[in-house]
Amino acid sequence: MSILPLEQEIEYPTSDGQPMAEGPEHMQVMFDLVDGLKSRYAGVANVWVGGNFFFYYEKGNPKARVAPDVLLAKGVTQRQRSRYLLWEEKPPSLVVEVTSRKTRRKDEEVKKPLYEQVGVEEYVLFDPLGEYLRPSLQGFRRSWGGYQPIPLEADGSLVSRTTDLRFKREGQRLRMVDILTGEPILWPEEEKAARQAAEARLLVLEARLAEETAARLAAEARAAEAEARTAAAKRAYGKFAS
């Protein structure tokens with residue numbers, strides 16, 4: 001008679017020691033998306049963003065797992081997670097896989113039907129090197145119980161309803177744009193440059209204010225000195241006249 005292990009005895013590993021991405025271009029896209037989405041939803045309590053971690057979809061079976069490149073889940077607590085257990089959370093709203101010729105079969109034949117089955121709302125594939133995917137940016141959305149292709153815009157971009165973001169290829173990277181404001185989600189280096197530029201403008205403003213304050217104080221000191229001389233002259237004249 002076999003005895004099933006207690007639930008607390010089942011381990012769900014957080015890593016398998018495999019590399020995060022196929023190459024630097026793929027890793028760059030992953031970092032861009034995870035960083036950008038985390039920044040966008042930083043103040044939203046019920047949205048969680050993660051990347052390249054284990055997603056377990058069958059309770060009690062540690063082998064039933066995949067590692068999404070980018071995952072966004074709505075309706076869950078925003079807290080630190082080392083793994084995503086489907087039976088404790090909600091199905092993810094969005095998964096993005098940065099695909100390649102090497103991962104093609106897994107991304108299309110394993111992950112796609114799995115995400116569809118477990119209830120992932122939108123599934124996006126991006127091939128930064130253009131190795132096989134034509135067009136290199138494609139997506140699928142749940143409709144009538146299954147995945148249907150997301151129509152691309154005239155410029156080849158893809159609109160995500162779950163995030164209100166437009167995904168658009170720029171070189172070998174993927175840009176996200178807020179469809180409501182038209183504002184791009186800055187990449188980490190752009191964010192750093194914008195922050196440095198803002199800090200430089202603040203320093204210039206502070207220096208200008210300091211100069212204006214010094215000039216005002218000097219003018220006030222000159223005015224006070226002139227007033228004191230005038231008062232002294234009047235007193236001297238009064239004594240002389242008397």
# chains A, B, ... in the order shown; residues from 1 in each chain; ligands from 1
>>> residues_around(residues="Glu121 in chain A", least_positions_apart="4", cutoff="7 Å", atoms="only C-alpha atoms", output="ChimeraX atom specification")
/A:92-94,141-142
>>> residues_around(residues="Asp155 in chain A", least_positions_apart="3", cutoff="12 Å", atoms="only C-alpha atoms", output="MDAnalysis selection string")
chainID A and resid 135 137 151:152 158:159 166:170
>>> residues_around(residues="Tyr115 in chain A", least_positions_apart="6", cutoff="12 Å", atoms="only C-alpha atoms", output="PDB file with all heavy atoms, in the first residue's frame")
ATOM      1  N   PHE A  55       6.811  28.170 -12.244  1.00  0.00           N
ATOM      2  CA  PHE A  55       5.358  28.262 -12.159  1.00  0.00           C
ATOM      3  C   PHE A  55       4.841  26.830 -12.046  1.00  0.00           C
ATOM      4  O   PHE A  55       4.941  26.047 -13.000  1.00  0.00           O
ATOM      5  CB  PHE A  55       4.826  28.967 -13.412  1.00  0.00           C
ATOM      6  CG  PHE A  55       3.332  28.912 -13.582  1.00  0.00           C
ATOM      7  CD1 PHE A  55       2.491  29.555 -12.697  1.00  0.00           C
ATOM      8  CD2 PHE A  55       2.759  28.220 -14.653  1.00  0.00           C
ATOM      9  CE1 PHE A  55       1.109  29.510 -12.875  1.00  0.00           C
ATOM     10  CE2 PHE A  55       1.386  28.172 -14.838  1.00  0.00           C
ATOM     11  CZ  PHE A  55       0.563  28.827 -13.932  1.00  0.00           C
ATOM     12  N   TYR A  56       4.335  26.480 -10.859  1.00  0.00           N
ATOM     13  CA  TYR A  56       3.817  25.127 -10.622  1.00  0.00           C
ATOM     14  C   TYR A  56       2.302  25.133 -10.829  1.00  0.00           C
ATOM     15  O   TYR A  56       1.600  25.975 -10.269  1.00  0.00           O
ATOM     16  CB  TYR A  56       4.154  24.671  -9.204  1.00  0.00           C
ATOM     17  CG  TYR A  56       5.631  24.420  -8.987  1.00  0.00           C
ATOM     18  CD1 TYR A  56       6.470  25.420  -8.515  1.00  0.00           C
ATOM     19  CD2 TYR A  56       6.180  23.175  -9.257  1.00  0.00           C
ATOM     20  CE1 TYR A  56       7.827  25.191  -8.322  1.00  0.00           C
ATOM     21  CE2 TYR A  56       7.537  22.930  -9.071  1.00  0.00           C
ATOM     22  CZ  TYR A  56       8.356  23.949  -8.608  1.00  0.00           C
ATOM     23  OH  TYR A  56       9.693  23.719  -8.420  1.00  0.00           O
ATOM     24  N   TYR A  57       1.825  24.182 -11.613  1.00  0.00           N
ATOM     25  CA  TYR A  57       0.412  24.202 -11.979  1.00  0.00           C
ATOM     26  C   TYR A  57      -0.357  22.960 -11.526  1.00  0.00           C
ATOM     27  O   TYR A  57      -1.541  22.840 -11.809  1.00  0.00           O
ATOM     28  CB  TYR A  57       0.263  24.374 -13.499  1.00  0.00           C
ATOM     29  CG  TYR A  57       1.067  23.397 -14.325  1.00  0.00           C
ATOM     30  CD1 TYR A  57       0.533  22.164 -14.690  1.00  0.00           C
ATOM     31  CD2 TYR A  57       2.350  23.717 -14.739  1.00  0.00           C
ATOM     32  CE1 TYR A  57       1.267  21.266 -15.456  1.00  0.00           C
ATOM     33  CE2 TYR A  57       3.098  22.829 -15.502  1.00  0.00           C
ATOM     34  CZ  TYR A  57       2.551  21.603 -15.860  1.00  0.00           C
ATOM     35  OH  TYR A  57       3.285  20.715 -16.600  1.00  0.00           O
ATOM     36  N   ARG A  65       5.782  21.825 -13.892  1.00  0.00           N
ATOM     37  CA  ARG A  65       6.223  23.216 -13.778  1.00  0.00           C
ATOM     38  C   ARG A  65       6.766  23.702 -15.113  1.00  0.00           C
ATOM     39  O   ARG A  65       7.216  22.915 -15.956  1.00  0.00           O
ATOM     40  CB  ARG A  65       7.308  23.342 -12.720  1.00  0.00           C
ATOM     41  CG  ARG A  65       8.627  22.714 -13.134  1.00  0.00           C
ATOM     42  CD  ARG A  65       9.608  22.612 -12.004  1.00  0.00           C
ATOM     43  NE  ARG A  65      10.902  22.129 -12.488  1.00  0.00           N
ATOM     44  CZ  ARG A  65      11.841  21.618 -11.719  1.00  0.00           C
ATOM     45  NH1 ARG A  65      11.640  21.511 -10.403  1.00  0.00           N
ATOM     46  NH2 ARG A  65      12.994  21.212 -12.229  1.00  0.00           N
ATOM     47  N   VAL A  66       6.725  25.015 -15.290  1.00  0.00           N
ATOM     48  CA  VAL A  66       7.392  25.699 -16.394  1.00  0.00           C
ATOM     49  C   VAL A  66       8.019  26.960 -15.813  1.00  0.00           C
ATOM     50  O   VAL A  66       7.725  27.342 -14.676  1.00  0.00           O
ATOM     51  CB  VAL A  66       6.416  26.064 -17.542  1.00  0.00           C
ATOM     52  CG1 VAL A  66       5.953  24.839 -18.287  1.00  0.00           C
ATOM     53  CG2 VAL A  66       5.224  26.863 -17.010  1.00  0.00           C
ATOM     54  N   ALA A  67       8.876  27.606 -16.598  1.00  0.00           N
ATOM     55  CA  ALA A  67       9.538  28.827 -16.137  1.00  0.00           C
ATOM     56  C   ALA A  67       9.226  29.963 -17.099  1.00  0.00           C
ATOM     57  O   ALA A  67       9.932  30.150 -18.096  1.00  0.00           O
ATOM     58  CB  ALA A  67      11.040  28.618 -16.025  1.00  0.00           C
ATOM     59  N   PRO A  68       8.152  30.724 -16.848  1.00  0.00           N
ATOM     60  CA  PRO A  68       7.828  31.849 -17.719  1.00  0.00           C
ATOM     61  C   PRO A  68       8.930  32.907 -17.679  1.00  0.00           C
ATOM     62  O   PRO A  68       9.494  33.179 -16.619  1.00  0.00           O
ATOM     63  CB  PRO A  68       6.527  32.405 -17.121  1.00  0.00           C
ATOM     64  CG  PRO A  68       6.023  31.346 -16.191  1.00  0.00           C
ATOM     65  CD  PRO A  68       7.217  30.604 -15.723  1.00  0.00           C
ATOM     66  N   LEU A  71       5.911  37.186 -16.196  1.00  0.00           N
ATOM     67  CA  LEU A  71       4.550  36.843 -15.769  1.00  0.00           C
ATOM     68  C   LEU A  71       3.955  38.018 -15.002  1.00  0.00           C
ATOM     69  O   LEU A  71       4.616  38.624 -14.148  1.00  0.00           O
ATOM     70  CB  LEU A  71       4.559  35.597 -14.896  1.00  0.00           C
ATOM     71  CG  LEU A  71       3.224  35.079 -14.343  1.00  0.00           C
ATOM     72  CD1 LEU A  71       3.277  33.554 -14.170  1.00  0.00           C
ATOM     73  CD2 LEU A  71       2.872  35.716 -12.994  1.00  0.00           C
ATOM     74  N   LEU A  86      -0.016  27.722  -8.586  1.00  0.00           N
ATOM     75  CA  LEU A  86      -1.305  28.054  -9.179  1.00  0.00           C
ATOM     76  C   LEU A  86      -2.458  27.816  -8.224  1.00  0.00           C
ATOM     77  O   LEU A  86      -3.414  28.606  -8.189  1.00  0.00           O
ATOM     78  CB  LEU A  86      -1.512  27.243 -10.466  1.00  0.00           C
ATOM     79  CG  LEU A  86      -2.817  27.494 -11.220  1.00  0.00           C
ATOM     80  CD1 LEU A  86      -2.902  28.947 -11.684  1.00  0.00           C
ATOM     81  CD2 LEU A  86      -2.933  26.542 -12.414  1.00  0.00           C
ATOM     82  N   PRO A  91      -4.899  32.358 -11.880  1.00  0.00           N
ATOM     83  CA  PRO A  91      -4.176  32.202 -13.141  1.00  0.00           C
ATOM     84  C   PRO A  91      -3.567  33.535 -13.575  1.00  0.00           C
ATOM     85  O   PRO A  91      -4.200  34.595 -13.414  1.00  0.00           O
ATOM     86  CB  PRO A  91      -5.271  31.755 -14.128  1.00  0.00           C
ATOM     87  CG  PRO A  91      -6.309  31.112 -13.265  1.00  0.00           C
ATOM     88  CD  PRO A  91      -6.297  31.899 -11.982  1.00  0.00           C
ATOM     89  N   PRO A  92      -2.350  33.529 -14.082  1.00  0.00           N
ATOM     90  CA  PRO A  92      -1.733  34.776 -14.530  1.00  0.00           C
ATOM     91  C   PRO A  92      -2.563  35.473 -15.600  1.00  0.00           C
ATOM     92  O   PRO A  92      -3.267  34.826 -16.376  1.00  0.00           O
ATOM     93  CB  PRO A  92      -0.381  34.309 -15.095  1.00  0.00           C
ATOM     94  CG  PRO A  92      -0.124  32.998 -14.413  1.00  0.00           C
ATOM     95  CD  PRO A  92      -1.471  32.369 -14.232  1.00  0.00           C
ATOM     96  N   SER A  93      -2.455  36.790 -15.630  1.00  0.00           N
ATOM     97  CA  SER A  93      -3.161  37.564 -16.647  1.00  0.00           C
ATOM     98  C   SER A  93      -2.363  37.643 -17.943  1.00  0.00           C
ATOM     99  O   SER A  93      -2.926  37.681 -19.032  1.00  0.00           O
ATOM    100  CB  SER A  93      -3.431  38.981 -16.120  1.00  0.00           C
ATOM    101  OG  SER A  93      -4.161  38.931 -14.915  1.00  0.00           O
ATOM    102  N   LEU A  94      -1.040  37.692 -17.802  1.00  0.00           N
ATOM    103  CA  LEU A  94      -0.178  37.858 -18.976  1.00  0.00           C
ATOM    104  C   LEU A  94       1.115  37.073 -18.781  1.00  0.00           C
ATOM    105  O   LEU A  94       1.719  37.124 -17.711  1.00  0.00           O
ATOM    106  CB  LEU A  94       0.156  39.342 -19.188  1.00  0.00           C
ATOM    107  CG  LEU A  94       1.229  39.672 -20.229  1.00  0.00           C
ATOM    108  CD1 LEU A  94       0.711  39.396 -21.633  1.00  0.00           C
ATOM    109  CD2 LEU A  94       1.677  41.126 -20.102  1.00  0.00           C
ATOM    110  N   VAL A  95       1.522  36.361 -19.824  1.00  0.00           N
ATOM    111  CA  VAL A  95       2.837  35.716 -19.861  1.00  0.00           C
ATOM    112  C   VAL A  95       3.507  36.113 -21.167  1.00  0.00           C
ATOM    113  O   VAL A  95       2.878  36.096 -22.227  1.00  0.00           O
ATOM    114  CB  VAL A  95       2.735  34.177 -19.771  1.00  0.00           C
ATOM    115  CG1 VAL A  95       4.088  33.538 -20.088  1.00  0.00           C
ATOM    116  CG2 VAL A  95       2.275  33.747 -18.389  1.00  0.00           C
ATOM    117  N   VAL A  96       4.775  36.503 -21.068  1.00  0.00           N
ATOM    118  CA  VAL A  96       5.576  36.803 -22.261  1.00  0.00           C
ATOM    119  C   VAL A  96       6.762  35.853 -22.285  1.00  0.00           C
ATOM    120  O   VAL A  96       7.481  35.722 -21.287  1.00  0.00           O
ATOM    121  CB  VAL A  96       6.089  38.264 -22.253  1.00  0.00           C
ATOM    122  CG1 VAL A  96       6.902  38.540 -23.530  1.00  0.00           C
ATOM    123  CG2 VAL A  96       4.933  39.250 -22.139  1.00  0.00           C
ATOM    124  N   GLU A  97       6.959  35.194 -23.406  1.00  0.00           N
ATOM    125  CA  GLU A  97       8.121  34.347 -23.596  1.00  0.00           C
ATOM    126  C   GLU A  97       9.022  34.984 -24.653  1.00  0.00           C
ATOM    127  O   GLU A  97       8.575  35.318 -25.753  1.00  0.00           O
ATOM    128  CB  GLU A  97       7.717  32.935 -24.042  1.00  0.00           C
ATOM    129  CG  GLU A  97       6.915  32.138 -23.036  1.00  0.00           C
ATOM    130  CD  GLU A  97       7.714  31.718 -21.810  1.00  0.00           C
ATOM    131  OE1 GLU A  97       8.942  31.951 -21.787  1.00  0.00           O
ATOM    132  OE2 GLU A  97       7.099  31.151 -20.882  1.00  0.00           O
ATOM    133  N   LYS A 106       9.286  24.210 -27.234  1.00  0.00           N
ATOM    134  CA  LYS A 106       8.742  24.314 -25.890  1.00  0.00           C
ATOM    135  C   LYS A 106       7.767  25.485 -25.774  1.00  0.00           C
ATOM    136  O   LYS A 106       6.703  25.374 -25.165  1.00  0.00           O
ATOM    137  CB  LYS A 106       9.876  24.481 -24.868  1.00  0.00           C
ATOM    138  CG  LYS A 106       9.417  24.361 -23.429  1.00  0.00           C
ATOM    139  CD  LYS A 106      10.605  24.270 -22.493  1.00  0.00           C
ATOM    140  CE  LYS A 106      10.139  23.995 -21.073  1.00  0.00           C
ATOM    141  NZ  LYS A 106      11.284  23.870 -20.136  1.00  0.00           N
ATOM    142  N   ASP A 107       8.131  26.626 -26.381  1.00  0.00           N
ATOM    143  CA  ASP A 107       7.289  27.819 -26.281  1.00  0.00           C
ATOM    144  C   ASP A 107       5.964  27.643 -27.014  1.00  0.00           C
ATOM    145  O   ASP A 107       4.922  28.123 -26.550  1.00  0.00           O
ATOM    146  CB  ASP A 107       8.025  29.046 -26.839  1.00  0.00           C
ATOM    147  CG  ASP A 107       9.217  29.441 -25.987  1.00  0.00           C
ATOM    148  OD1 ASP A 107       9.204  29.141 -24.781  1.00  0.00           O
ATOM    149  OD2 ASP A 107      10.171  30.042 -26.535  1.00  0.00           O
ATOM    150  N   GLU A 108       5.989  26.955 -28.160  1.00  0.00           N
ATOM    151  CA  GLU A 108       4.789  26.833 -28.978  1.00  0.00           C
ATOM    152  C   GLU A 108       3.987  25.563 -28.692  1.00  0.00           C
ATOM    153  O   GLU A 108       2.758  25.591 -28.704  1.00  0.00           O
ATOM    154  CB  GLU A 108       5.162  26.871 -30.463  1.00  0.00           C
ATOM    155  CG  GLU A 108       5.689  28.223 -30.927  1.00  0.00           C
ATOM    156  CD  GLU A 108       5.860  28.270 -32.431  1.00  0.00           C
ATOM    157  OE1 GLU A 108       6.085  27.210 -33.046  1.00  0.00           O
ATOM    158  OE2 GLU A 108       5.771  29.374 -32.998  1.00  0.00           O
ATOM    159  N   GLU A 109       4.679  24.461 -28.442  1.00  0.00           N
ATOM    160  CA  GLU A 109       3.980  23.187 -28.323  1.00  0.00           C
ATOM    161  C   GLU A 109       3.744  22.739 -26.887  1.00  0.00           C
ATOM    162  O   GLU A 109       2.897  21.881 -26.641  1.00  0.00           O
ATOM    163  CB  GLU A 109       4.775  22.102 -29.058  1.00  0.00           C
ATOM    164  CG  GLU A 109       4.945  22.380 -30.548  1.00  0.00           C
ATOM    165  CD  GLU A 109       5.790  21.330 -31.240  1.00  0.00           C
ATOM    166  OE1 GLU A 109       5.976  20.240 -30.656  1.00  0.00           O
ATOM    167  OE2 GLU A 109       6.274  21.593 -32.354  1.00  0.00           O
ATOM    168  N   GLU A 121      -4.685  34.678 -19.426  1.00  0.00           N
ATOM    169  CA  GLU A 121      -5.520  35.511 -20.298  1.00  0.00           C
ATOM    170  C   GLU A 121      -4.835  35.836 -21.623  1.00  0.00           C
ATOM    171  O   GLU A 121      -5.434  35.716 -22.695  1.00  0.00           O
ATOM    172  CB  GLU A 121      -5.899  36.803 -19.578  1.00  0.00           C
ATOM    173  CG  GLU A 121      -6.838  37.710 -20.352  1.00  0.00           C
ATOM    174  CD  GLU A 121      -8.228  37.122 -20.536  1.00  0.00           C
ATOM    175  OE1 GLU A 121      -8.603  36.229 -19.759  1.00  0.00           O
ATOM    176  OE2 GLU A 121      -8.933  37.566 -21.461  1.00  0.00           O
ATOM    177  N   GLU A 122      -3.578  36.263 -21.571  1.00  0.00           N
ATOM    178  CA  GLU A 122      -2.849  36.637 -22.784  1.00  0.00           C
ATOM    179  C   GLU A 122      -1.455  35.993 -22.779  1.00  0.00           C
ATOM    180  O   GLU A 122      -0.778  35.959 -21.749  1.00  0.00           O
ATOM    181  CB  GLU A 122      -2.700  38.155 -22.897  1.00  0.00           C
ATOM    182  CG  GLU A 122      -4.009  38.876 -23.177  1.00  0.00           C
ATOM    183  CD  GLU A 122      -3.841  40.380 -23.277  1.00  0.00           C
ATOM    184  OE1 GLU A 122      -2.895  40.929 -22.652  1.00  0.00           O
ATOM    185  OE2 GLU A 122      -4.656  41.026 -23.963  1.00  0.00           O
ATOM    186  N   TYR A 123      -1.065  35.510 -23.948  1.00  0.00           N
ATOM    187  CA  TYR A 123       0.249  34.896 -24.116  1.00  0.00           C
ATOM    188  C   TYR A 123       0.945  35.574 -25.282  1.00  0.00           C
ATOM    189  O   TYR A 123       0.427  35.581 -26.406  1.00  0.00           O
ATOM    190  CB  TYR A 123       0.096  33.396 -24.373  1.00  0.00           C
ATOM    191  CG  TYR A 123       1.395  32.658 -24.599  1.00  0.00           C
ATOM    192  CD1 TYR A 123       2.508  32.890 -23.789  1.00  0.00           C
ATOM    193  CD2 TYR A 123       1.509  31.706 -25.613  1.00  0.00           C
ATOM    194  CE1 TYR A 123       3.692  32.204 -23.984  1.00  0.00           C
ATOM    195  CE2 TYR A 123       2.690  30.999 -25.810  1.00  0.00           C
ATOM    196  CZ  TYR A 123       3.778  31.259 -24.997  1.00  0.00           C
ATOM    197  OH  TYR A 123       4.956  30.568 -25.187  1.00  0.00           O
ATOM    198  N   VAL A 124       2.119  36.158 -25.017  1.00  0.00           N
ATOM    199  CA  VAL A 124       2.853  36.906 -26.039  1.00  0.00           C
ATOM    200  C   VAL A 124       4.200  36.244 -26.287  1.00  0.00           C
ATOM    201  O   VAL A 124       4.902  35.851 -25.349  1.00  0.00           O
ATOM    202  CB  VAL A 124       3.062  38.373 -25.598  1.00  0.00           C
ATOM    203  CG1 VAL A 124       3.947  39.115 -26.600  1.00  0.00           C
ATOM    204  CG2 VAL A 124       1.712  39.082 -25.471  1.00  0.00           C
ATOM    205  N   PHE A 140      -1.589  35.836 -28.213  1.00  0.00           N
ATOM    206  CA  PHE A 140      -2.847  35.087 -28.191  1.00  0.00           C
ATOM    207  C   PHE A 140      -3.659  35.526 -26.976  1.00  0.00           C
ATOM    208  O   PHE A 140      -3.106  35.837 -25.921  1.00  0.00           O
ATOM    209  CB  PHE A 140      -2.580  33.585 -28.126  1.00  0.00           C
ATOM    210  CG  PHE A 140      -1.751  33.088 -29.272  1.00  0.00           C
ATOM    211  CD1 PHE A 140      -0.360  33.094 -29.190  1.00  0.00           C
ATOM    212  CD2 PHE A 140      -2.348  32.643 -30.435  1.00  0.00           C
ATOM    213  CE1 PHE A 140       0.423  32.652 -30.245  1.00  0.00           C
ATOM    214  CE2 PHE A 140      -1.581  32.191 -31.508  1.00  0.00           C
ATOM    215  CZ  PHE A 140      -0.188  32.207 -31.410  1.00  0.00           C
ATOM    216  N   ARG A 141      -4.963  35.559 -27.133  1.00  0.00           N
ATOM    217  CA  ARG A 141      -5.868  36.006 -26.060  1.00  0.00           C
ATOM    218  C   ARG A 141      -6.999  34.990 -25.924  1.00  0.00           C
ATOM    219  O   ARG A 141      -7.525  34.486 -26.919  1.00  0.00           O
ATOM    220  CB  ARG A 141      -6.410  37.389 -26.378  1.00  0.00           C
ATOM    221  CG  ARG A 141      -7.345  37.962 -25.323  1.00  0.00           C
ATOM    222  CD  ARG A 141      -7.834  39.347 -25.723  1.00  0.00           C
ATOM    223  NE  ARG A 141      -6.748  40.311 -25.794  1.00  0.00           N
ATOM    224  CZ  ARG A 141      -6.474  41.059 -26.860  1.00  0.00           C
ATOM    225  NH1 ARG A 141      -7.207  40.959 -27.957  1.00  0.00           N
ATOM    226  NH2 ARG A 141      -5.465  41.917 -26.836  1.00  0.00           N
ATOM    227  N   ARG A 142      -7.373  34.734 -24.674  1.00  0.00           N
ATOM    228  CA  ARG A 142      -8.470  33.796 -24.441  1.00  0.00           C
ATOM    229  C   ARG A 142      -9.786  34.389 -24.953  1.00  0.00           C
ATOM    230  O   ARG A 142     -10.138  35.520 -24.631  1.00  0.00           O
ATOM    231  CB  ARG A 142      -8.602  33.480 -22.957  1.00  0.00           C
ATOM    232  CG  ARG A 142      -7.501  32.555 -22.437  1.00  0.00           C
ATOM    233  CD  ARG A 142      -7.716  32.207 -20.976  1.00  0.00           C
ATOM    234  NE  ARG A 142      -8.949  31.464 -20.782  1.00  0.00           N
ATOM    235  CZ  ARG A 142      -9.076  30.148 -20.964  1.00  0.00           C
ATOM    236  NH1 ARG A 142      -8.032  29.445 -21.351  1.00  0.00           N
ATOM    237  NH2 ARG A 142     -10.223  29.546 -20.758  1.00  0.00           N
ATOM    238  N   GLY A 146     -10.833  29.508 -25.481  1.00  0.00           N
ATOM    239  CA  GLY A 146      -9.541  29.098 -26.026  1.00  0.00           C
ATOM    240  C   GLY A 146      -8.757  30.285 -26.552  1.00  0.00           C
ATOM    241  O   GLY A 146      -9.253  31.418 -26.574  1.00  0.00           O
ATOM    242  N   TYR A 147      -7.544  30.035 -26.993  1.00  0.00           N
ATOM    243  CA  TYR A 147      -6.688  31.100 -27.496  1.00  0.00           C
ATOM    244  C   TYR A 147      -7.034  31.455 -28.944  1.00  0.00           C
ATOM    245  O   TYR A 147      -7.223  30.577 -29.789  1.00  0.00           O
ATOM    246  CB  TYR A 147      -5.226  30.678 -27.442  1.00  0.00           C
ATOM    247  CG  TYR A 147      -4.539  30.953 -26.122  1.00  0.00           C
ATOM    248  CD1 TYR A 147      -3.363  30.306 -25.787  1.00  0.00           C
ATOM    249  CD2 TYR A 147      -5.052  31.878 -25.211  1.00  0.00           C
ATOM    250  CE1 TYR A 147      -2.710  30.547 -24.591  1.00  0.00           C
ATOM    251  CE2 TYR A 147      -4.420  32.128 -24.011  1.00  0.00           C
ATOM    252  CZ  TYR A 147      -3.255  31.465 -23.703  1.00  0.00           C
ATOM    253  OH  TYR A 147      -2.623  31.716 -22.520  1.00  0.00           O
TER     254      TYR A 147
END
>>> residues_around(residues="Asp178 in chain A", least_positions_apart="3", cutoff="9 Å", atoms="only C-alpha atoms", output="number ranges by chain")
A: 163-166, 181-185
>>> closest_residue(among="A:Glu89, A:Glu225, A:Glu153, A:Asp69", to="Val29 in chain A", atoms="only C-alpha atoms")
A:Asp69
